[in-house]
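Next up, data_17.cif (mmCIF, C-alpha atoms):
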data_input
#
loop_
_atom_site.label_atom_id
_atom_site.label_comp_id
_atom_site.auth_asym_id
_atom_site.auth_seq_id
_atom_site.Cartn_x
_atom_site.Cartn_y
_atom_site.Cartn_z
CA LYS R 1 27.85 5.26 9.47
CA ILE R 2 28.02 1.46 9.23
CA ILE R 3 24.90 -0.61 9.93
CA ARG R 4 25.17 -4.30 10.80
CA GLY R 5 22.60 -6.98 11.49
CA GLY R 6 21.32 -10.46 10.72
CA LEU R 7 18.57 -10.85 8.11
CA ILE R 8 17.07 -13.72 6.15
CA LYS R 9 17.71 -13.47 2.40
CA ASN R 10 16.00 -14.95 -0.63
CA PRO R 11 18.55 -15.46 -3.47
CA PRO R 12 17.70 -13.33 -6.53
CA ALA R 13 16.30 -15.02 -9.61
CA ALA R 14 17.63 -14.42 -13.12
CA LYS R 15 18.30 -10.81 -14.11
CA LYS R 16 15.12 -8.82 -14.89
CA LYS R 17 13.02 -11.62 -13.35
CA ASP R 18 11.14 -10.49 -10.27
CA GLU R 19 10.09 -13.57 -8.34
CA VAL R 20 10.38 -15.03 -4.86
CA ARG R 21 12.15 -18.38 -4.96
CA LYS R 22 10.45 -20.98 -2.79
CA GLY R 23 12.28 -22.77 -0.02
CA THR R 24 15.57 -20.91 -0.44
CA TRP R 25 15.47 -18.33 2.37
CA GLN R 26 18.80 -18.29 4.22
CA GLU R 27 20.10 -16.32 7.19
CA ARG R 28 22.92 -13.92 6.32
CA TRP R 29 24.91 -11.24 8.13
CA PHE R 30 24.47 -7.81 6.51
CA VAL R 31 26.71 -4.77 6.64
CA LEU R 32 25.59 -1.45 5.15
CA LYS R 33 28.47 0.82 4.07
CA LYS R 34 27.69 4.04 2.23
CA THR R 35 25.63 2.97 -0.83
CA THR R 36 26.39 -0.77 -0.72
CA LEU R 37 24.74 -3.52 1.32
CA PHE R 38 27.23 -6.37 1.81
CA TYR R 39 26.12 -9.78 3.05
CA TYR R 40 28.19 -12.58 4.61
CA LYS R 41 27.47 -16.27 5.15
CA LYS R 42 27.79 -15.76 8.90
CA ARG R 43 28.78 -13.14 11.41
CA GLY R 44 32.54 -12.81 11.75
CA ASP R 45 33.36 -13.70 8.13
CA THR R 46 35.83 -11.31 6.51
CA ARG R 47 34.95 -11.95 2.89
CA PRO R 48 31.40 -11.02 1.75
CA LYS R 49 29.34 -13.60 -0.08
CA GLY R 50 27.80 -10.84 -2.20
CA GLU R 51 26.76 -7.23 -2.33
CA ILE R 52 23.72 -5.12 -3.29
CA ASP R 53 24.29 -1.76 -4.96
CA LEU R 54 21.68 0.63 -3.55
CA ARG R 55 22.32 3.57 -5.88
CA ALA R 56 19.03 4.48 -7.61
CA ALA R 57 17.43 1.35 -6.16
CA ILE R 58 13.72 1.10 -5.36
CA ILE R 59 13.15 -0.12 -1.80
CA GLU R 60 9.67 -1.05 -0.63
CA ASP R 61 7.50 -3.28 1.53
CA ALA R 62 7.22 -6.83 0.18
CA ASP R 63 4.81 -8.61 2.56
CA VAL R 64 2.14 -9.02 -0.14
CA LYS R 65 4.58 -10.29 -2.77
CA THR R 66 6.38 -12.76 -0.49
CA ARG R 67 3.36 -13.72 1.62
CA LYS R 68 5.69 -13.39 4.62
CA GLU R 69 5.84 -10.85 7.43
CA PHE R 70 8.50 -8.15 7.80
CA THR R 71 9.93 -8.45 4.28
CA ILE R 72 11.68 -5.84 2.09
CA ARG R 73 12.09 -5.73 -1.69
CA ILE R 74 15.17 -4.09 -3.24
CA HIS R 75 14.89 -3.43 -6.97
CA GLN R 76 18.38 -2.53 -8.13
CA ALA R 77 19.09 -0.24 -11.07
CA SER R 78 20.72 -3.27 -12.73
CA GLN R 79 17.26 -4.94 -12.76
CA VAL R 80 18.16 -7.47 -10.07
CA PHE R 81 15.51 -8.05 -7.40
CA ASN R 82 16.40 -8.94 -3.80
CA TYR R 83 14.07 -9.95 -0.97
CA LEU R 84 15.04 -9.70 2.71
CA GLN R 85 13.15 -10.71 5.84
CA CYS R 86 13.53 -9.09 9.25
CA SER R 87 12.60 -10.55 12.63
CA SER R 88 10.11 -7.83 13.63
CA GLN R 89 8.25 -4.76 12.35
CA ALA R 90 10.54 -2.47 14.35
CA GLU R 91 13.64 -4.03 12.79
CA LYS R 92 12.06 -3.80 9.35
CA GLU R 93 11.29 -0.09 9.73
CA ALA R 94 14.83 0.59 10.95
CA TRP R 95 16.37 -1.22 7.98
CA LEU R 96 13.99 0.49 5.54
CA GLU R 97 15.01 3.88 6.86
CA ASP R 98 18.75 3.14 6.65
CA ILE R 99 18.63 1.44 3.24
CA ARG R 100 16.49 4.19 1.74
CA SER R 101 18.83 6.81 3.13
CA ALA R 102 21.76 5.01 1.50
CA ALA R 103 19.84 4.82 -1.77
CA GLY R 104 19.39 8.59 -1.78
CA TYR R 105 15.72 8.84 -0.82
CA LYS R 106 14.74 12.38 0.12
CA ALA R 107 12.54 13.16 3.09
CA PRO R 108 8.99 14.09 2.01
CA LYS R 109 8.03 17.74 1.95
CA VAL R 110 5.85 18.86 4.84
CA GLU R 111 3.02 19.89 2.50
CA ASP R 112 2.98 16.41 0.93
CA GLN R 113 2.85 14.50 4.20
CA ILE R 114 -0.44 12.96 5.26
CA PHE R 115 -2.11 13.97 8.49
CA ALA R 116 -5.01 11.77 9.53
CA SER R 117 -6.99 14.55 11.22
CA GLU R 118 -7.50 16.39 7.91
CA TYR R 119 -9.62 13.64 6.29
CA TYR R 120 -12.77 11.92 7.39
CA ALA R 121 -12.13 8.50 5.85
CA SER R 122 -9.50 6.41 4.10
CA PHE R 123 -9.06 2.90 2.72
CA GLY R 124 -5.93 0.79 2.50
CA VAL R 125 -5.93 -0.84 -0.95
CA LEU R 126 -3.47 -2.47 -3.35
CA LYS R 127 -2.33 -1.03 -6.69
CA GLN R 128 -0.57 -2.99 -9.40
CA GLY R 129 2.57 -1.29 -10.71
CA LEU R 130 4.07 -1.39 -14.19
CA ASP R 131 6.32 -4.23 -13.03
CA GLY R 132 3.28 -6.33 -12.08
CA ASN R 133 3.83 -6.10 -8.32
CA LEU R 134 1.05 -5.11 -5.94
CA ARG R 135 1.85 -2.16 -3.68
CA ARG R 136 -0.13 -1.03 -0.67
CA VAL R 137 -1.56 2.48 -1.14
CA VAL R 138 -4.29 4.50 0.57
CA LEU R 139 -7.36 6.08 -1.06
CA ILE R 140 -8.27 9.31 0.77
CA PRO R 141 -11.33 11.44 -0.04
CA ASP R 142 -10.42 15.08 0.67
CA GLU R 143 -13.61 17.02 1.37
CA LYS R 144 -11.87 20.40 1.52
CA LYS R 145 -10.22 20.15 -1.91
CA GLN R 146 -12.84 17.84 -3.51
CA LEU R 147 -10.20 15.31 -4.49
CA VAL R 148 -9.60 11.61 -4.02
CA HIS R 149 -5.93 11.24 -3.12
CA VAL R 150 -3.79 8.16 -3.70
CA ALA R 151 -1.04 7.99 -1.09
CA PHE R 152 2.03 5.74 -0.97
CA GLU R 153 4.65 5.67 1.77
CA GLN R 154 3.02 8.65 3.54
CA GLN R 155 3.10 10.85 0.41
CA PHE R 156 0.45 11.84 -2.10
CA VAL R 157 1.38 10.31 -5.45
CA LYS R 158 -1.85 10.92 -7.41
CA ARG R 159 -4.95 13.10 -7.18
CA TYR R 160 -8.31 12.61 -8.89
CA PRO R 161 -10.77 15.55 -8.79
CA THR R 162 -14.32 14.47 -7.96
CA SER R 163 -15.48 16.25 -11.12
CA ILE R 164 -13.86 13.58 -13.32
CA ILE R 165 -14.89 10.53 -11.25
CA ARG R 166 -18.08 9.11 -12.76
CA LYS R 167 -18.39 6.27 -10.29
CA ALA R 168 -16.56 3.66 -8.25
CA VAL R 169 -17.44 0.06 -9.09
CA CYS R 170 -16.92 -3.00 -6.91
CA SER R 171 -16.34 -6.28 -8.75
CA LYS R 172 -18.30 -9.32 -7.63
CA THR R 173 -15.63 -11.82 -8.60
CA VAL R 174 -12.05 -12.48 -7.57
CA THR R 175 -9.48 -11.14 -10.05
CA VAL R 176 -5.74 -10.69 -9.51
CA SER R 177 -4.08 -12.78 -6.79
CA ASN R 178 -7.38 -13.61 -5.06
CA PHE R 179 -8.29 -9.95 -4.50
CA PHE R 180 -11.49 -8.06 -5.34
CA GLU R 181 -11.45 -5.03 -7.63
CA VAL R 182 -12.45 -1.44 -6.92
CA ARG R 183 -12.56 0.46 -10.23
CA LEU R 184 -12.57 4.24 -10.47
CA VAL R 185 -14.33 5.15 -13.75
CA LEU R 186 -12.89 8.48 -14.91
CA CYS R 187 -13.87 11.00 -17.58
CA PRO R 188 -10.82 13.33 -17.68
CA ASP R 189 -12.31 15.72 -20.27
CA PRO R 190 -16.03 16.62 -19.90
CA ARG R 191 -16.04 17.68 -23.56
CA LEU R 192 -15.32 14.06 -24.49
CA PRO R 193 -17.82 12.02 -22.45
CA ASN R 194 -16.96 8.81 -24.29
CA GLU R 195 -13.26 9.02 -23.41
CA ILE R 196 -13.44 6.80 -20.32
CA LYS R 197 -10.46 5.62 -18.29
CA GLU R 198 -10.38 3.21 -15.38
CA LYS R 199 -8.03 2.99 -12.43
CA VAL R 200 -8.10 -0.39 -10.72
CA PHE R 201 -7.34 -1.06 -7.07
CA TYR R 202 -7.60 -4.31 -5.10
CA MET R 203 -8.93 -5.30 -1.69
CA ALA R 204 -8.84 -8.56 0.24
CA THR R 205 -12.60 -9.16 0.59
CA LYS R 206 -15.76 -8.29 -1.27
CA ASP R 207 -17.17 -6.52 1.79
CA GLU R 208 -14.15 -4.21 1.94
CA ALA R 209 -14.34 -3.49 -1.80
CA LEU R 210 -18.07 -2.76 -1.54
CA ALA R 211 -17.58 -0.44 1.44
CA CYS R 212 -14.76 1.43 -0.32
CA SER R 213 -16.65 1.93 -3.59
CA THR R 214 -19.81 2.97 -1.72
CA LEU R 215 -17.98 5.59 0.33
CA ILE R 216 -16.25 7.06 -2.72
CA ASN R 217 -19.54 7.22 -4.66
CA ASN R 218 -21.22 8.98 -1.74
CA PHE R 219 -18.33 11.40 -1.42
CA CYS R 220 -18.27 12.28 -5.14
CA GLN R 221 -22.03 12.85 -5.12
CA GLY R 222 -21.69 15.33 -2.26
CA ASP R 223 -23.54 13.13 0.22
CA ARG R 224 -22.82 13.20 3.94
CA LEU R 225 -22.87 10.29 6.34
CA LYS R 226 -25.82 11.45 8.45
CA ILE R 227 -26.45 8.64 10.87
CA GLN R 228 -29.55 10.21 12.39
CA ASP R 229 -31.34 10.17 9.01
CA LEU R 230 -30.72 6.44 8.60
CA SER R 231 -31.38 5.16 12.11
CA ASN R 232 -34.71 3.55 11.20
CA THR R 233 -33.57 2.09 7.87
CA PRO R 234 -32.77 -1.65 7.89
CA PRO R 235 -29.13 -2.32 6.94
CA LYS R 236 -28.29 -4.22 3.75
CA GLN R 237 -25.13 -5.64 5.23
CA LYS R 238 -23.06 -5.34 8.37
CA GLY R 239 -19.87 -6.76 9.79
CA PHE R 240 -16.34 -5.99 10.87
CA LEU R 241 -13.82 -4.34 8.48
CA GLU R 242 -10.20 -3.39 8.99
CA MET R 243 -9.05 0.09 7.97
CA GLN R 244 -5.51 1.43 7.88
CA GLY R 245 -4.80 4.57 9.85
CA LEU R 246 -2.80 7.37 8.27
CA ALA R 247 -0.78 8.64 11.21
CA ASP R 248 0.78 5.35 12.36
CA ARG R 249 -0.37 3.11 9.45
CA ALA R 250 -1.82 0.68 11.99
CA TRP R 251 -4.85 -1.43 11.04
CA VAL R 252 -7.99 -0.75 13.10
CA ARG R 253 -10.99 -3.08 13.34
CA LEU R 254 -14.30 -1.21 12.87
CA TRP R 255 -17.95 -2.21 12.78
CA ALA R 256 -19.41 -1.34 9.34
CA VAL R 257 -23.09 -1.00 8.45
CA LEU R 258 -24.21 -0.60 4.83
CA VAL R 259 -27.45 1.44 4.70
CA GLU R 260 -28.98 3.05 1.62
CA LYS R 261 -25.73 3.08 -0.36
CA ARG R 262 -23.85 4.51 2.62
CA CYS R 263 -21.23 2.71 4.67
CA LEU R 264 -21.37 3.80 8.31
CA LEU R 265 -18.31 3.03 10.44
CA TYR R 266 -18.31 2.59 14.23
CA ASN R 267 -15.66 1.79 16.82
CA SER R 268 -17.74 -1.11 18.12
CA VAL R 269 -21.13 -2.83 17.73
CA ASP R 270 -22.39 -1.02 20.83
CA ASP R 271 -21.88 2.39 19.20
CA THR R 272 -24.66 1.68 16.67
#
What is this file in structure tokens?
Amino acid sequence: KIIRGGLIKNPPAAKKKDEVRKGTWQERWFVLKKTTLFYYKKRGDTRPKGEIDLRAAIIEDADVKTRKEFTIRIHQASQVFNYLQCSSQAEKEAWLEDIRSAAGYKAPKVEDQIFASEYYASFGVLKQGLDGNLRRVVLIPDEKKQLVHVAFEQQFVKRYPTSIIRKAVCSKTVTVSNFFEVRLVLCPDPRLPNEIKEKVFYMATKDEALACSTLINNFCQGDRLKIQDLSNTPPKQKGFLEMQGLADRAWVRLWAVLVEKRCLLYNSVDDT
């Protein structure tokens, strides 16, 4: 199977240097053959301008890193980083599927896939990887298993039992790349209460970070979001938040009300 199409490419920086070069995006014609992505200066050329070896490559969304829509990051095994931009979300998803297939990605197991109906809440957040890049993940409290899942690309990649989560803390100041922190304070071994670890996630606004940390704290303490018990309590804060759905990964705008350390979510202002 040979895949062809026009994409906009950002020339890679020096080897082992992961950066997006400013002002150098150029349109190229791409041809995917087996495990190699060839690119040409223009459609119809017979000699490729270059090629990208996809074997053992890491392919992921790059919108946050590039600050552009519909972008893809290809981290080659040779430690060369490539950034591509598509013309639409549909084209991006099609290229992601084909490139990942060429790179040898395996389809996720059914038991590891995420189904939105099984969980009562989730938050789209950012997590910084070992390479310094921010990746979009989802924090999912699982009431049935008493876990807080971390999901990436529709798969669970980490699980934190509620028994080891001491608290979730929202930072009041901007930290990495103009994002606000949500810190999970963990005590992995109850016999060693002073052995504390922290897992840091990032959100775009302070309101989102506060809502996320509040929900996780309520969940770990065994609280339930009982709206009828809070109907006469004045809210501390209210406003619109955007949450990422799990089934289609679409962002949904919800009306959020913070009452007595609980974040209540509604489809609209009228629902309150």
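Interatomic distance, atom CA of Gln128 of chain R to atom CA of Glu19 of chain R: 15.1 Å.
Here atom CA of Ile59 of chain R and atom CA of Pro161 of chain R stand 29.4 Å from one another.
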Exercise. To verify the selection step, state as an MDAnalysis selection string which residues the PyMOL selection byres ((chain R and resi 87) around 12) yields on this input.
Key: chainID R and resid 5:9 27 68:72 84:86 88:95
Self-check item: R:Val157, R:Arg4, R:Cys212, R:Asp61 ranked by distance to Arg43 of chain R, top pick (using only C-alpha atoms)
Solution: R:Arg4
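For the atom pair formed by atom CA of Ala57 of chain R and atom CA of Val148 of chain R, the distance is 29.0 Å, given to one decimal.
The residue that comes closest to Val259 of chain R, out of R:Leu215, R:Lys127, R:Leu241, R:Tyr160 and on the basis of all atoms listed in the file, is R:Leu215.
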Written as an mmCIF file with C-alpha atoms, keeping the file's coordinate frame, which residues does the PyMOL selection byres ((chain R and resi 150) around 12) give for the file shown?
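As a result, selection_39.cif now contains:
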data_model
loop_
_atom_site.group_PDB
_atom_site.id
_atom_site.type_symbol
_atom_site.label_atom_id
_atom_site.label_comp_id
_atom_site.auth_asym_id
_atom_site.auth_seq_id
_atom_site.Cartn_x
_atom_site.Cartn_y
_atom_site.Cartn_z
ATOM 1 C CA ASP R 112 2.980 16.410 0.930
ATOM 2 C CA ILE R 114 -0.440 12.960 5.260
ATOM 3 C CA SER R 122 -9.500 6.410 4.100
ATOM 4 C CA PHE R 123 -9.060 2.900 2.720
ATOM 5 C CA GLY R 124 -5.930 0.790 2.500
ATOM 6 C CA VAL R 125 -5.930 -0.840 -0.950
ATOM 7 C CA LEU R 126 -3.470 -2.470 -3.350
ATOM 8 C CA LYS R 127 -2.330 -1.030 -6.690
ATOM 9 C CA ARG R 135 1.850 -2.160 -3.680
ATOM 10 C CA ARG R 136 -0.130 -1.030 -0.670
ATOM 11 C CA VAL R 137 -1.560 2.480 -1.140
ATOM 12 C CA VAL R 138 -4.290 4.500 0.570
ATOM 13 C CA LEU R 139 -7.360 6.080 -1.060
ATOM 14 C CA ILE R 140 -8.270 9.310 0.770
ATOM 15 C CA PRO R 141 -11.330 11.440 -0.040
ATOM 16 C CA ASP R 142 -10.420 15.080 0.670
ATOM 17 C CA LEU R 147 -10.200 15.310 -4.490
ATOM 18 C CA VAL R 148 -9.600 11.610 -4.020
ATOM 19 C CA HIS R 149 -5.930 11.240 -3.120
ATOM 20 C CA ALA R 151 -1.040 7.990 -1.090
ATOM 21 C CA PHE R 152 2.030 5.740 -0.970
ATOM 22 C CA GLU R 153 4.650 5.670 1.770
ATOM 23 C CA GLN R 154 3.020 8.650 3.540
ATOM 24 C CA GLN R 155 3.100 10.850 0.410
ATOM 25 C CA PHE R 156 0.450 11.840 -2.100
ATOM 26 C CA VAL R 157 1.380 10.310 -5.450
ATOM 27 C CA LYS R 158 -1.850 10.920 -7.410
ATOM 28 C CA ARG R 159 -4.950 13.100 -7.180
ATOM 29 C CA TYR R 160 -8.310 12.610 -8.890
ATOM 30 C CA PRO R 161 -10.770 15.550 -8.790
ATOM 31 C CA LEU R 184 -12.570 4.240 -10.470
ATOM 32 C CA LYS R 199 -8.030 2.990 -12.430
ATOM 33 C CA VAL R 200 -8.100 -0.390 -10.720
ATOM 34 C CA PHE R 201 -7.340 -1.060 -7.070
#
Quiz prompt | Counting all atoms listed in the file, the option among R:Gln26, R:Thr205, R:Thr66, R:Asn82 closest to Asp53 of chain R | solution = R:Asn82
